[in-house]
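This is my_file27.cif. It holds mmCIF, C-alpha atoms.
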```
data_upload
#
loop_
_atom_site.label_atom_id
_atom_site.label_comp_id
_atom_site.auth_asym_id
_atom_site.auth_seq_id
_atom_site.Cartn_x
_atom_site.Cartn_y
_atom_site.Cartn_z
CA MET A 1 -14.60 16.99 10.31
CA LYS A 2 -16.51 17.58 7.08
CA ASN A 3 -17.69 14.32 5.49
CA ILE A 4 -15.30 12.24 7.58
CA GLN A 5 -16.64 9.38 9.66
CA THR A 6 -14.77 7.77 12.56
CA LEU A 7 -15.22 4.08 13.35
CA ASN A 8 -14.41 3.03 16.91
CA LEU A 9 -13.23 -0.56 17.26
CA LYS A 10 -12.36 -2.69 20.26
CA THR A 11 -9.95 -5.51 19.49
CA SER A 12 -9.54 -8.60 21.65
CA LYS A 13 -6.32 -10.33 20.53
CA TYR A 14 -2.64 -9.58 19.75
CA ILE A 15 -3.31 -9.96 16.01
CA GLU A 16 -6.87 -9.68 14.72
CA PHE A 17 -8.60 -8.96 11.41
CA ILE A 18 -11.96 -7.17 11.77
CA ASP A 19 -14.25 -6.99 8.72
CA ILE A 20 -15.41 -3.35 8.36
CA THR A 21 -16.94 -3.66 4.87
CA SER A 22 -20.53 -3.05 6.00
CA GLU A 23 -19.50 0.07 7.94
CA VAL A 24 -17.79 1.45 4.81
CA ARG A 25 -20.92 0.65 2.72
CA GLU A 26 -23.20 2.43 5.23
CA TYR A 27 -20.96 5.50 5.21
CA ILE A 28 -21.11 5.72 1.39
CA GLN A 29 -24.92 5.46 1.45
CA LYS A 30 -25.25 8.01 4.24
CA GLN A 31 -23.08 10.44 2.25
CA GLY A 32 -25.15 9.73 -0.87
CA LEU A 33 -21.98 9.28 -2.92
CA LYS A 34 -22.68 8.03 -6.44
CA GLU A 35 -19.28 8.24 -8.19
CA GLY A 36 -15.87 8.68 -6.59
CA ILE A 37 -13.44 7.07 -4.18
CA VAL A 38 -13.33 6.36 -0.48
CA ILE A 39 -10.17 6.40 1.64
CA VAL A 40 -10.07 4.03 4.63
CA TYR A 41 -7.32 5.23 7.01
CA THR A 42 -6.25 4.08 10.47
CA PRO A 43 -4.27 6.58 12.58
CA HIS A 44 -2.20 3.97 14.47
CA THR A 45 1.41 2.83 14.00
CA THR A 46 0.76 -0.77 15.09
CA ALA A 47 -2.35 -1.43 12.97
CA GLY A 48 -3.28 -1.46 9.30
CA ILE A 49 -5.97 -1.76 6.61
CA THR A 50 -6.04 -4.63 4.13
CA ILE A 51 -8.31 -6.34 1.60
CA ASN A 52 -8.82 -10.10 1.61
CA GLU A 53 -11.32 -12.94 1.46
CA ASN A 54 -14.10 -13.20 4.06
CA ALA A 55 -15.90 -16.32 2.75
CA ASP A 56 -13.64 -18.77 4.61
CA PRO A 57 -12.48 -17.42 8.01
CA ALA A 58 -9.42 -19.68 7.72
CA VAL A 59 -7.89 -17.20 5.23
CA THR A 60 -7.34 -14.43 7.79
CA MET A 61 -6.43 -17.05 10.43
CA ASP A 62 -3.65 -18.29 8.12
CA ILE A 63 -2.44 -14.74 7.44
CA GLU A 64 -2.42 -14.09 11.20
CA GLU A 65 -0.42 -17.23 11.95
CA PHE A 66 2.02 -16.55 9.09
CA ILE A 67 2.92 -12.99 10.14
CA LYS A 68 3.11 -13.97 13.82
CA ARG A 69 5.80 -16.54 12.91
CA LYS A 70 7.63 -14.50 10.26
CA VAL A 71 7.75 -11.24 12.25
CA PRO A 72 8.69 -12.43 15.77
CA HIS A 73 10.45 -10.56 18.55
CA GLU A 74 14.14 -10.45 17.57
CA GLY A 75 17.04 -10.18 20.01
CA TYR A 76 18.45 -7.17 18.16
CA PHE A 77 15.33 -4.99 18.51
CA LYS A 78 16.02 -1.82 20.53
CA HIS A 79 12.58 -0.14 20.77
CA MET A 80 11.91 0.20 24.53
CA GLU A 81 8.18 -0.50 24.26
CA GLY A 82 8.98 -4.02 23.00
CA ASN A 83 6.47 -4.01 20.14
CA SER A 84 8.71 -3.61 17.10
CA PRO A 85 7.05 -6.60 15.32
CA SER A 86 3.75 -4.68 15.46
CA HIS A 87 5.34 -1.58 13.92
CA ILE A 88 6.91 -3.68 11.14
CA MET A 89 3.59 -5.38 10.31
CA SER A 90 1.93 -1.94 10.17
CA SER A 91 4.41 -0.68 7.56
CA LEU A 92 4.15 -3.90 5.51
CA PHE A 93 0.32 -3.89 5.42
CA SER A 94 0.06 -0.06 5.35
CA ALA A 95 -2.31 2.22 7.23
CA SER A 96 -4.77 2.88 4.42
CA GLU A 97 -6.47 1.61 1.28
CA THR A 98 -8.36 3.48 -1.44
CA PHE A 99 -11.58 2.11 -2.97
CA ILE A 100 -13.64 3.00 -6.03
CA VAL A 101 -17.36 3.87 -5.69
CA SER A 102 -19.59 3.54 -8.77
CA ASN A 103 -23.39 3.86 -9.13
CA GLY A 104 -23.52 4.39 -5.37
CA GLU A 105 -21.83 1.04 -4.70
CA LEU A 106 -18.42 0.09 -3.32
CA LEU A 107 -16.63 -1.59 -6.25
CA LEU A 108 -15.29 -4.73 -4.53
CA GLY A 109 -14.57 -8.13 -6.04
CA THR A 110 -16.84 -11.07 -5.19
CA TRP A 111 -14.51 -12.33 -2.46
CA GLN A 112 -13.10 -9.02 -1.26
CA ALA A 113 -13.75 -7.62 2.21
CA ILE A 114 -12.13 -4.62 3.92
CA TYR A 115 -10.28 -5.50 7.11
CA PHE A 116 -8.96 -3.44 9.99
CA CYS A 117 -5.75 -5.21 11.06
CA GLU A 118 -4.84 -5.20 14.74
CA PHE A 119 -1.12 -5.93 15.18
CA ASP A 120 -0.71 -5.03 18.88
CA GLY A 121 -3.99 -5.74 20.65
CA PRO A 122 -6.11 -5.84 22.52
CA ARG A 123 -6.70 -2.08 22.21
CA GLN A 124 -9.26 0.60 21.41
CA ARG A 125 -8.76 1.66 17.77
CA LYS A 126 -10.04 4.19 15.25
CA VAL A 127 -10.56 4.15 11.49
CA TYR A 128 -11.33 7.28 9.44
CA LEU A 129 -13.47 7.16 6.29
CA LYS A 130 -13.33 9.98 3.73
CA ILE A 131 -15.05 10.28 0.34
CA ILE A 132 -13.91 12.20 -2.73
CA GLU A 133 -16.58 12.74 -5.38
CA SER A 134 -15.34 12.24 -8.91
CA MET B 1 3.07 20.95 -12.63
CA LYS B 2 -0.12 22.46 -11.25
CA ASN B 3 -0.36 22.17 -7.47
CA ILE B 4 2.36 19.52 -7.35
CA GLN B 5 5.39 20.08 -5.12
CA THR B 6 8.67 18.21 -5.47
CA LEU B 7 10.80 17.44 -2.41
CA ASN B 8 14.50 16.82 -3.07
CA LEU B 9 16.19 14.53 -0.57
CA LYS B 10 19.77 13.41 -0.12
CA THR B 11 20.12 10.08 1.65
CA SER B 12 23.30 8.93 3.37
CA LYS B 13 22.92 5.19 4.03
CA TYR B 14 21.91 1.93 2.28
CA ILE B 15 18.59 1.88 4.17
CA GLU B 16 17.30 5.08 5.72
CA PHE B 17 13.96 6.46 6.93
CA ILE B 18 13.63 10.25 6.55
CA ASP B 19 10.73 11.99 8.32
CA ILE B 20 9.02 14.29 5.77
CA THR B 21 5.90 15.09 7.84
CA SER B 22 6.71 18.79 8.30
CA GLU B 23 7.32 19.21 4.55
CA VAL B 24 3.90 17.67 3.81
CA ARG B 25 2.27 19.96 6.40
CA GLU B 26 3.93 23.06 4.88
CA TYR B 27 2.73 22.07 1.41
CA ILE B 28 -0.89 21.75 2.61
CA GLN B 29 -0.73 25.17 4.28
CA LYS B 30 0.88 26.77 1.23
CA GLN B 31 -1.88 25.33 -0.99
CA GLY B 32 -4.51 26.55 1.50
CA LEU B 33 -6.22 23.16 1.42
CA LYS B 34 -8.99 22.86 4.01
CA GLU B 35 -10.70 19.54 3.13
CA GLY B 36 -9.39 16.78 0.89
CA ILE B 37 -6.54 14.32 0.51
CA VAL B 38 -2.84 14.49 -0.23
CA ILE B 39 -0.91 11.89 -2.20
CA VAL B 40 2.76 11.39 -1.26
CA TYR B 41 4.51 9.62 -4.16
CA THR B 42 8.14 8.72 -4.80
CA PRO B 43 9.15 8.07 -8.43
CA HIS B 44 11.88 5.52 -7.65
CA THR B 45 11.88 1.70 -7.87
CA THR B 46 14.26 1.21 -4.93
CA ALA B 47 12.55 3.55 -2.44
CA GLY B 48 9.15 3.87 -0.78
CA ILE B 49 6.79 5.86 1.44
CA THR B 50 5.59 4.56 4.81
CA ILE B 51 3.90 5.69 8.00
CA ASN B 52 5.32 4.86 11.43
CA GLU B 53 6.27 6.15 14.85
CA ASN B 54 8.76 8.99 15.21
CA ALA B 55 8.74 9.38 19.04
CA ASP B 56 11.39 6.69 19.62
CA PRO B 57 14.03 6.59 16.84
CA ALA B 58 14.59 2.92 17.74
CA VAL B 59 11.36 2.03 15.88
CA THR B 60 12.68 2.85 12.40
CA MET B 61 16.12 1.46 13.38
CA ASP B 62 14.45 -1.87 14.20
CA ILE B 63 12.48 -1.84 10.93
CA GLU B 64 15.72 -1.08 9.06
CA GLU B 65 17.60 -3.94 10.73
CA PHE B 66 14.71 -6.36 10.22
CA ILE B 67 14.32 -5.79 6.46
CA LYS B 68 18.10 -5.78 5.94
CA ARG B 69 18.24 -9.29 7.44
CA LYS B 70 15.01 -10.65 5.91
CA VAL B 71 15.62 -9.34 2.39
CA PRO B 72 19.32 -10.12 1.81
CA HIS B 73 21.20 -10.71 -1.43
CA GLU B 74 20.23 -14.22 -2.58
CA GLY B 75 22.37 -16.46 -4.78
CA TYR B 76 19.52 -16.97 -7.25
CA PHE B 77 19.03 -13.26 -8.04
CA LYS B 78 19.69 -12.49 -11.72
CA HIS B 79 19.28 -8.69 -11.95
CA MET B 80 22.62 -7.42 -13.29
CA GLU B 81 22.65 -4.25 -11.20
CA GLY B 82 22.79 -6.41 -8.06
CA ASN B 83 20.17 -4.48 -6.09
CA SER B 84 17.18 -6.86 -6.21
CA PRO B 85 16.68 -6.64 -2.40
CA SER B 86 16.08 -2.88 -2.83
CA HIS B 87 13.48 -3.48 -5.56
CA ILE B 88 11.71 -6.07 -3.39
CA MET B 89 11.59 -3.72 -0.38
CA SER B 90 10.16 -1.00 -2.64
CA SER B 91 7.26 -3.23 -3.73
CA LEU B 92 6.58 -4.40 -0.16
CA PHE B 93 6.50 -0.87 1.32
CA SER B 94 4.98 0.71 -1.84
CA ALA B 95 5.85 3.97 -3.56
CA SER B 96 3.00 6.08 -2.21
CA GLU B 97 0.58 6.75 0.63
CA THR B 98 -2.64 8.76 0.69
CA PHE B 99 -3.54 11.03 3.63
CA ILE B 100 -6.72 12.81 4.73
CA VAL B 101 -6.73 16.59 5.26
CA SER B 102 -9.46 18.10 7.47
CA ASN B 103 -9.90 21.66 8.76
CA GLY B 104 -6.63 22.50 7.03
CA GLU B 105 -4.74 19.87 9.04
CA LEU B 106 -3.10 16.59 8.08
CA LEU B 107 -5.18 13.93 9.86
CA LEU B 108 -2.39 11.83 11.43
CA GLY B 109 -2.52 9.75 14.60
CA THR B 110 -0.59 10.95 17.67
CA TRP B 111 2.40 8.72 16.92
CA GLN B 112 2.26 8.75 13.12
CA ALA B 113 4.92 10.34 10.95
CA ILE B 114 5.38 10.15 7.17
CA TYR B 115 8.67 8.60 6.11
CA PHE B 116 10.54 8.51 2.83
CA CYS B 117 12.21 5.08 2.75
CA GLU B 118 15.62 4.77 1.11
CA PHE B 119 16.31 1.14 0.17
CA ASP B 120 19.39 1.62 -2.06
CA GLY B 121 21.29 4.63 -0.82
CA PRO B 122 23.06 6.84 -0.58
CA ARG B 123 21.33 8.66 -3.46
CA GLN B 124 19.59 11.86 -4.52
CA ARG B 125 15.83 11.26 -4.35
CA LYS B 126 12.53 12.96 -5.15
CA VAL B 127 9.05 12.88 -3.59
CA TYR B 128 5.97 14.38 -5.26
CA LEU B 129 3.11 15.88 -3.23
CA LYS B 130 -0.32 16.37 -4.80
CA ILE B 131 -3.58 17.60 -3.22
CA ILE B 132 -7.14 16.75 -4.22
CA GLU B 133 -9.80 19.05 -2.74
CA SER B 134 -12.89 17.20 -1.54
CA MET C 1 -19.65 2.68 -14.66
CA LYS C 2 -18.95 6.36 -15.21
CA ASN C 3 -15.34 7.04 -16.22
CA ILE C 4 -14.21 3.60 -15.05
CA GLN C 5 -12.35 1.32 -17.42
CA THR C 6 -11.96 -2.42 -16.94
CA LEU C 7 -8.85 -4.23 -18.18
CA ASN C 8 -9.22 -7.96 -18.83
CA LEU C 9 -6.03 -9.96 -18.38
CA LYS C 10 -5.19 -13.60 -18.94
CA THR C 11 -2.28 -14.84 -16.84
CA SER C 12 -0.24 -17.93 -17.65
CA LYS C 13 1.78 -18.80 -14.54
CA TYR C 14 1.40 -19.26 -10.76
CA ILE C 15 3.15 -15.94 -10.11
CA GLU C 16 3.37 -13.39 -12.91
CA PHE C 17 3.96 -9.65 -13.26
CA ILE C 18 2.17 -8.05 -16.23
CA ASP C 19 3.15 -4.52 -17.25
CA ILE C 20 -0.08 -2.50 -17.67
CA THR C 21 1.52 0.96 -17.90
CA SER C 22 0.54 1.58 -21.53
CA GLU C 23 -3.10 0.64 -20.80
CA VAL C 24 -3.18 3.14 -17.93
CA ARG C 25 -1.65 5.83 -20.20
CA GLU C 26 -4.23 5.16 -22.94
CA TYR C 27 -7.07 5.42 -20.41
CA ILE C 28 -5.83 8.82 -19.19
CA GLN C 29 -5.59 10.13 -22.76
CA LYS C 30 -9.02 8.77 -23.68
CA GLN C 31 -10.53 10.49 -20.63
CA GLY C 32 -8.72 13.70 -21.54
CA LEU C 33 -7.50 14.08 -17.96
CA LYS C 34 -5.00 16.92 -17.56
CA GLU C 35 -4.54 17.20 -13.78
CA GLY C 36 -5.55 14.69 -11.10
CA ILE C 37 -4.97 11.16 -9.95
CA VAL C 38 -5.71 7.68 -11.26
CA ILE C 39 -6.55 4.70 -9.07
CA VAL C 40 -5.49 1.26 -10.36
CA TYR C 41 -7.50 -1.38 -8.48
CA THR C 42 -7.75 -5.16 -8.87
CA PRO C 43 -10.87 -6.87 -7.42
CA HIS C 44 -9.16 -10.16 -6.54
CA THR C 45 -7.92 -11.54 -3.19
CA THR C 46 -5.00 -13.48 -4.72
CA ALA C 47 -3.59 -10.72 -6.93
CA GLY C 48 -2.18 -7.23 -6.50
CA ILE C 49 -0.88 -4.02 -8.10
CA THR C 50 2.71 -2.87 -7.70
CA ILE C 51 5.24 -0.45 -9.16
CA ASN C 52 8.71 -1.58 -10.17
CA GLU C 53 11.41 -1.51 -12.84
CA ASN C 54 10.67 -2.74 -16.36
CA ALA C 55 14.05 -2.06 -18.02
CA ASP C 56 15.61 -5.37 -16.94
CA PRO C 57 13.08 -8.24 -16.87
CA ALA C 58 15.28 -9.94 -14.25
CA VAL C 59 13.92 -7.51 -11.61
CA THR C 60 10.39 -8.94 -11.60
CA MET C 61 11.82 -12.46 -12.07
CA ASP C 62 13.85 -11.99 -8.86
CA ILE C 63 10.81 -10.62 -6.99
CA GLU C 64 8.79 -13.61 -8.21
CA GLU C 65 11.42 -16.11 -7.06
CA PHE C 66 11.86 -14.35 -3.72
CA ILE C 67 8.18 -14.34 -2.73
CA LYS C 68 7.70 -17.91 -4.00
CA ARG C 69 10.41 -19.06 -1.57
CA LYS C 70 9.53 -16.76 1.35
CA VAL C 71 5.76 -17.37 1.25
CA PRO C 72 5.54 -21.15 0.71
CA HIS C 73 2.75 -23.55 1.64
CA GLU C 74 3.02 -24.07 5.42
CA GLY C 75 1.84 -27.16 7.28
CA TYR C 76 -0.24 -25.05 9.68
CA PHE C 77 -2.40 -23.41 6.96
CA LYS C 78 -6.09 -24.28 7.36
CA HIS C 79 -7.73 -22.61 4.32
CA MET C 80 -9.45 -25.45 2.42
CA GLU C 81 -8.72 -24.07 -1.03
CA GLY C 82 -4.99 -24.50 -0.34
CA ASN C 83 -3.91 -21.10 -1.67
CA SER C 84 -3.13 -19.20 1.54
CA PRO C 85 0.31 -18.11 0.20
CA SER C 86 -1.52 -16.30 -2.64
CA HIS C 87 -3.81 -14.50 -0.17
CA ILE C 88 -0.81 -13.45 1.96
CA MET C 89 1.07 -12.08 -1.08
CA SER C 90 -2.06 -10.12 -2.07
CA SER C 91 -2.22 -8.39 1.32
CA LEU C 92 1.53 -7.65 1.33
CA PHE C 93 1.55 -6.13 -2.18
CA SER C 94 -1.98 -4.63 -1.85
CA ALA C 95 -4.80 -4.53 -4.37
CA SER C 96 -4.36 -0.95 -5.56
CA GLU C 97 -1.99 1.91 -6.22
CA THR C 98 -2.68 5.62 -6.73
CA PHE C 99 -0.83 7.66 -9.37
CA ILE C 100 -0.49 11.38 -10.07
CA VAL C 101 -1.44 12.81 -13.49
CA SER C 102 0.03 16.17 -14.53
CA ASN C 103 -0.13 18.02 -17.87
CA GLY C 104 -2.04 15.05 -19.21
CA GLU C 105 0.81 12.67 -18.38
CA LEU C 106 1.17 9.85 -15.86
CA LEU C 107 3.83 11.09 -13.42
CA LEU C 108 6.08 8.01 -13.24
CA GLY C 109 9.79 7.85 -12.53
CA THR C 110 12.18 6.94 -15.35
CA TRP C 111 12.33 3.28 -14.34
CA GLN C 112 8.82 2.87 -12.96
CA ALA C 113 6.20 0.66 -14.58
CA ILE C 114 2.77 -0.38 -13.25
CA TYR C 115 2.39 -4.13 -12.79
CA PHE C 116 -0.61 -6.36 -12.29
CA CYS C 117 0.63 -9.13 -9.95
CA GLU C 118 -0.78 -12.62 -10.40
CA PHE C 119 -0.27 -14.66 -7.23
CA ASP C 120 -2.49 -17.67 -8.01
CA GLY C 121 -2.49 -18.20 -11.77
CA PRO C 122 -3.13 -19.02 -14.41
CA ARG C 123 -6.50 -17.20 -14.32
CA GLN C 124 -8.68 -14.60 -16.00
CA ARG C 125 -8.28 -11.31 -14.10
CA LYS C 126 -9.68 -7.79 -14.03
CA VAL C 127 -8.21 -4.38 -13.21
CA TYR C 128 -10.33 -1.24 -12.73
CA LEU C 129 -9.02 2.23 -13.63
CA LYS C 130 -10.65 5.36 -12.20
CA ILE C 131 -9.67 9.03 -12.56
CA ILE C 132 -10.27 11.88 -10.15
CA GLU C 133 -9.77 15.35 -11.62
CA SER C 134 -7.96 17.72 -9.27
#
```
What is this structure when it is put down as structure tokens?
Amino acid sequence: MKNIQTLNLKTSKYIEFIDITSEVREYIQKQGLKEGIVIVYTPHTTAGITINENADPAVTMDIEEFIKRKVPHEGYFKHMEGNSPSHIMSSLFSASETFIVSNGELLLGTWQAIYFCEFDGPRQRKVYLKIIES
Amino acid sequence: MKNIQTLNLKTSKYIEFIDITSEVREYIQKQGLKEGIVIVYTPHTTAGITINENADPAVTMDIEEFIKRKVPHEGYFKHMEGNSPSHIMSSLFSASETFIVSNGELLLGTWQAIYFCEFDGPRQRKVYLKIIES
Amino acid sequence: MKNIQTLNLKTSKYIEFIDITSEVREYIQKQGLKEGIVIVYTPHTTAGITINENADPAVTMDIEEFIKRKVPHEGYFKHMEGNSPSHIMSSLFSASETFIVSNGELLLGTWQAIYFCEFDGPRQRKVYLKIIES
């Protein structure tokens, strides 16, 4: 796949946020992209991509605890596989995010990190990275 | 509109998830796009675009039931039209998603399908498709 | 930063939705973009970008009230700064949105406006705008 890089991740918990910012930065450098955008896309229906703080690990721990409590297994769910909460979280967080690249650098805020979100782990997961030059 | 395709959809329920994956695939083939991205955008404030499983129809039924119960009509809502839950769902699911195209194919996961989300139906709705070549 | 414009915003409340549609339109005109996309990105972990109605101001007031009640401070939150609800809202609404530009115009629906979402104000905030020509 032209220009596309695949990240392979191994998650270890039911819900888990894995910081993939450095992998995205390396991809941009390897591609030599100076100006453009990068799409971070996960091809799973019980996972997602989000942006949040990585300075204090309690931030993603609080997000994890919050969604675990607010999106529980409900008696009315009919999906046979029993993981409807994971599918709901995936739609709420969404499977991709788009980032700006400028002067060869990922344009993130001081506190922003890019997270792969596991909502039905542990599993083997993939993330695709794709650049568009401006 | 250069390169842009409009899908016209007719929804039949208050909340409804309509699989538009084959329409997006046809658009990419018609445009002859080999490498790039495609933006799927709905111009409504009480609808959205999401990605989820289409193998078991119970998945989107469970999502539908969940959001209907979690985003009900609240006594404190002031919007005269009376459809604030629909506007809230639209912001939570978001009006667009971006997809990667590689070797002329939409790069979806095995279980992923692209859904138009009706949050205030039944109505006539539109979705815009737009490619960017890489 | 080539082609990138920074908007500087001053918010005045804990949660606030600021309509930035006209700033995005001016940026597109200034860049002379005829066909393509525009990425609207905020570099903060307690803010977001969303699309919703601007005809009746009660719509964003209802969204504001809803998320304030549904994402409150919880006793189990561990983040020292005490603003975990703001981080959760940021991930749910997401830090960016992508829009289609056609014939030099932002392709919005009749009722759609682009909002910067403050989830931890009042603060000084930034939004980055970036075009990709198709």
| Interface list for chain B, partner chain A, 7 Å threshold, only C-alpha atoms, as number ranges by chain | B: 50-53, 58-59, 62-63, 92-93, 102-103, 108-109, 111-112, 134
Least-squares superposed chain B, target chain C, every Cα, as a compact mmCIF listing (two decimals) with C-alpha atoms, keeping the file's coordinate frame:
```txt
# COMPACT_ATOMS: atom_id res chain seq x y z
CA MET B 1 -19.64 2.68 -14.66
CA LYS B 2 -18.94 6.36 -15.23
CA ASN B 3 -15.33 7.03 -16.22
CA ILE B 4 -14.21 3.60 -15.02
CA GLN B 5 -12.36 1.32 -17.43
CA THR B 6 -11.97 -2.42 -16.95
CA LEU B 7 -8.85 -4.22 -18.18
CA ASN B 8 -9.22 -7.96 -18.82
CA LEU B 9 -6.04 -9.97 -18.38
CA LYS B 10 -5.19 -13.61 -18.93
CA THR B 11 -2.29 -14.84 -16.84
CA SER B 12 -0.26 -17.94 -17.66
CA LYS B 13 1.77 -18.80 -14.55
CA TYR B 14 1.39 -19.26 -10.76
CA ILE B 15 3.15 -15.94 -10.12
CA GLU B 16 3.37 -13.40 -12.92
CA PHE B 17 3.96 -9.65 -13.26
CA ILE B 18 2.17 -8.07 -16.24
CA ASP B 19 3.15 -4.52 -17.25
CA ILE B 20 -0.08 -2.50 -17.68
CA THR B 21 1.52 0.97 -17.91
CA SER B 22 0.55 1.58 -21.54
CA GLU B 23 -3.08 0.62 -20.82
CA VAL B 24 -3.18 3.14 -17.94
CA ARG B 25 -1.66 5.83 -20.19
CA GLU B 26 -4.24 5.16 -22.94
CA TYR B 27 -7.08 5.42 -20.42
CA ILE B 28 -5.85 8.83 -19.19
CA GLN B 29 -5.60 10.12 -22.77
CA LYS B 30 -9.03 8.75 -23.68
CA GLN B 31 -10.54 10.48 -20.62
CA GLY B 32 -8.70 13.70 -21.54
CA LEU B 33 -7.49 14.08 -17.96
CA LYS B 34 -4.98 16.92 -17.56
CA GLU B 35 -4.53 17.21 -13.76
CA GLY B 36 -5.56 14.70 -11.11
CA ILE B 37 -4.97 11.15 -9.95
CA VAL B 38 -5.72 7.68 -11.24
CA ILE B 39 -6.55 4.70 -9.06
CA VAL B 40 -5.49 1.26 -10.35
CA TYR B 41 -7.50 -1.40 -8.48
CA THR B 42 -7.75 -5.17 -8.86
CA PRO B 43 -10.86 -6.85 -7.42
CA HIS B 44 -9.17 -10.16 -6.54
CA THR B 45 -7.92 -11.53 -3.19
CA THR B 46 -5.01 -13.48 -4.71
CA ALA B 47 -3.60 -10.72 -6.94
CA GLY B 48 -2.19 -7.22 -6.51
CA ILE B 49 -0.89 -4.02 -8.09
CA THR B 50 2.72 -2.88 -7.71
CA ILE B 51 5.24 -0.45 -9.16
CA ASN B 52 8.73 -1.56 -10.19
CA GLU B 53 11.40 -1.50 -12.85
CA ASN B 54 10.66 -2.75 -16.36
CA ALA B 55 14.06 -2.04 -18.03
CA ASP B 56 15.62 -5.35 -16.93
CA PRO B 57 13.08 -8.23 -16.87
CA ALA B 58 15.31 -9.91 -14.26
CA VAL B 59 13.93 -7.50 -11.62
CA THR B 60 10.40 -8.94 -11.60
CA MET B 61 11.83 -12.47 -12.06
CA ASP B 62 13.85 -11.97 -8.86
CA ILE B 63 10.82 -10.61 -6.99
CA GLU B 64 8.80 -13.61 -8.22
CA GLU B 65 11.43 -16.11 -7.07
CA PHE B 66 11.88 -14.36 -3.72
CA ILE B 67 8.18 -14.34 -2.74
CA LYS B 68 7.70 -17.91 -4.00
CA ARG B 69 10.42 -19.06 -1.58
CA LYS B 70 9.52 -16.77 1.35
CA VAL B 71 5.77 -17.38 1.23
CA PRO B 72 5.53 -21.16 0.70
CA HIS B 73 2.76 -23.58 1.63
CA GLU B 74 3.02 -24.08 5.41
CA GLY B 75 1.84 -27.16 7.29
CA TYR B 76 -0.25 -25.06 9.67
CA PHE B 77 -2.39 -23.42 6.96
CA LYS B 78 -6.09 -24.29 7.34
CA HIS B 79 -7.74 -22.61 4.33
CA MET B 80 -9.46 -25.45 2.44
CA GLU B 81 -8.73 -24.06 -1.02
CA GLY B 82 -5.01 -24.50 -0.32
CA ASN B 83 -3.92 -21.11 -1.67
CA SER B 84 -3.13 -19.20 1.54
CA PRO B 85 0.31 -18.11 0.20
CA SER B 86 -1.52 -16.30 -2.64
CA HIS B 87 -3.81 -14.49 -0.18
CA ILE B 88 -0.82 -13.45 1.95
CA MET B 89 1.07 -12.08 -1.08
CA SER B 90 -2.06 -10.13 -2.07
CA SER B 91 -2.22 -8.39 1.32
CA LEU B 92 1.53 -7.65 1.33
CA PHE B 93 1.55 -6.13 -2.18
CA SER B 94 -1.97 -4.62 -1.85
CA ALA B 95 -4.80 -4.53 -4.36
CA SER B 96 -4.35 -0.96 -5.56
CA GLU B 97 -1.98 1.92 -6.22
CA THR B 98 -2.69 5.62 -6.74
CA PHE B 99 -0.83 7.67 -9.37
CA ILE B 100 -0.49 11.40 -10.08
CA VAL B 101 -1.44 12.81 -13.49
CA SER B 102 0.03 16.18 -14.53
CA ASN B 103 -0.13 18.02 -17.86
CA GLY B 104 -2.05 15.04 -19.21
CA GLU B 105 0.81 12.66 -18.38
CA LEU B 106 1.17 9.86 -15.86
CA LEU B 107 3.83 11.11 -13.42
CA LEU B 108 6.08 8.01 -13.23
CA GLY B 109 9.80 7.86 -12.51
CA THR B 110 12.19 6.94 -15.35
CA TRP B 111 12.34 3.29 -14.31
CA GLN B 112 8.81 2.88 -12.95
CA ALA B 113 6.20 0.66 -14.56
CA ILE B 114 2.78 -0.38 -13.24
CA TYR B 115 2.39 -4.12 -12.79
CA PHE B 116 -0.61 -6.36 -12.27
CA CYS B 117 0.62 -9.12 -9.94
CA GLU B 118 -0.78 -12.62 -10.39
CA PHE B 119 -0.27 -14.66 -7.22
CA ASP B 120 -2.51 -17.67 -8.01
CA GLY B 121 -2.51 -18.19 -11.75
CA PRO B 122 -3.12 -19.02 -14.40
CA ARG B 123 -6.48 -17.20 -14.29
CA GLN B 124 -8.67 -14.62 -15.99
CA ARG B 125 -8.29 -11.33 -14.11
CA LYS B 126 -9.68 -7.79 -14.04
CA VAL B 127 -8.21 -4.37 -13.19
CA TYR B 128 -10.32 -1.24 -12.72
CA LEU B 129 -9.02 2.23 -13.64
CA LYS B 130 -10.66 5.34 -12.20
CA ILE B 131 -9.67 9.02 -12.57
CA ILE B 132 -10.27 11.87 -10.15
CA GLU B 133 -9.78 15.35 -11.63
CA SER B 134 -7.97 17.74 -9.29
```
| request: Counting all atoms listed in the file, note down every residue that has an atom within 12 Å of the point (-15.2, 10.1, -23.7) (file coordinates), as a list in words. | output: Lys2, Asn3, Ile4, Gln5, Tyr27, Ile28, Gln29, Lys30, Gln31, Gly32 and Leu33 of chain C
Name the residues that the PyMOL selection byres ((chain C and resi 9-23) around 8) picks from the file above, as a compact mmCIF listing (two decimals) with C-alpha atoms, keeping the file's coordinate frame, using the file's chain letters and numbers.
```
# COMPACT_ATOMS: atom_id res chain seq x y z
CA LEU C 7 -8.85 -4.23 -18.18
CA ASN C 8 -9.22 -7.96 -18.83
CA VAL C 24 -3.18 3.14 -17.93
CA ARG C 25 -1.65 5.83 -20.20
CA GLU C 26 -4.23 5.16 -22.94
CA TYR C 27 -7.07 5.42 -20.41
CA ASN C 54 10.67 -2.74 -16.36
CA THR C 60 10.39 -8.94 -11.60
CA GLU C 64 8.79 -13.61 -8.21
CA LYS C 68 7.70 -17.91 -4.00
CA ALA C 113 6.20 0.66 -14.58
CA ILE C 114 2.77 -0.38 -13.25
CA TYR C 115 2.39 -4.13 -12.79
CA PHE C 116 -0.61 -6.36 -12.29
CA CYS C 117 0.63 -9.13 -9.95
CA GLU C 118 -0.78 -12.62 -10.40
CA PHE C 119 -0.27 -14.66 -7.23
CA ASP C 120 -2.49 -17.67 -8.01
CA GLY C 121 -2.49 -18.20 -11.77
CA PRO C 122 -3.13 -19.02 -14.41
CA ARG C 123 -6.50 -17.20 -14.32
CA GLN C 124 -8.68 -14.60 -16.00
CA ARG C 125 -8.28 -11.31 -14.10
CA LYS C 126 -9.68 -7.79 -14.03
CA VAL C 127 -8.21 -4.38 -13.21
```
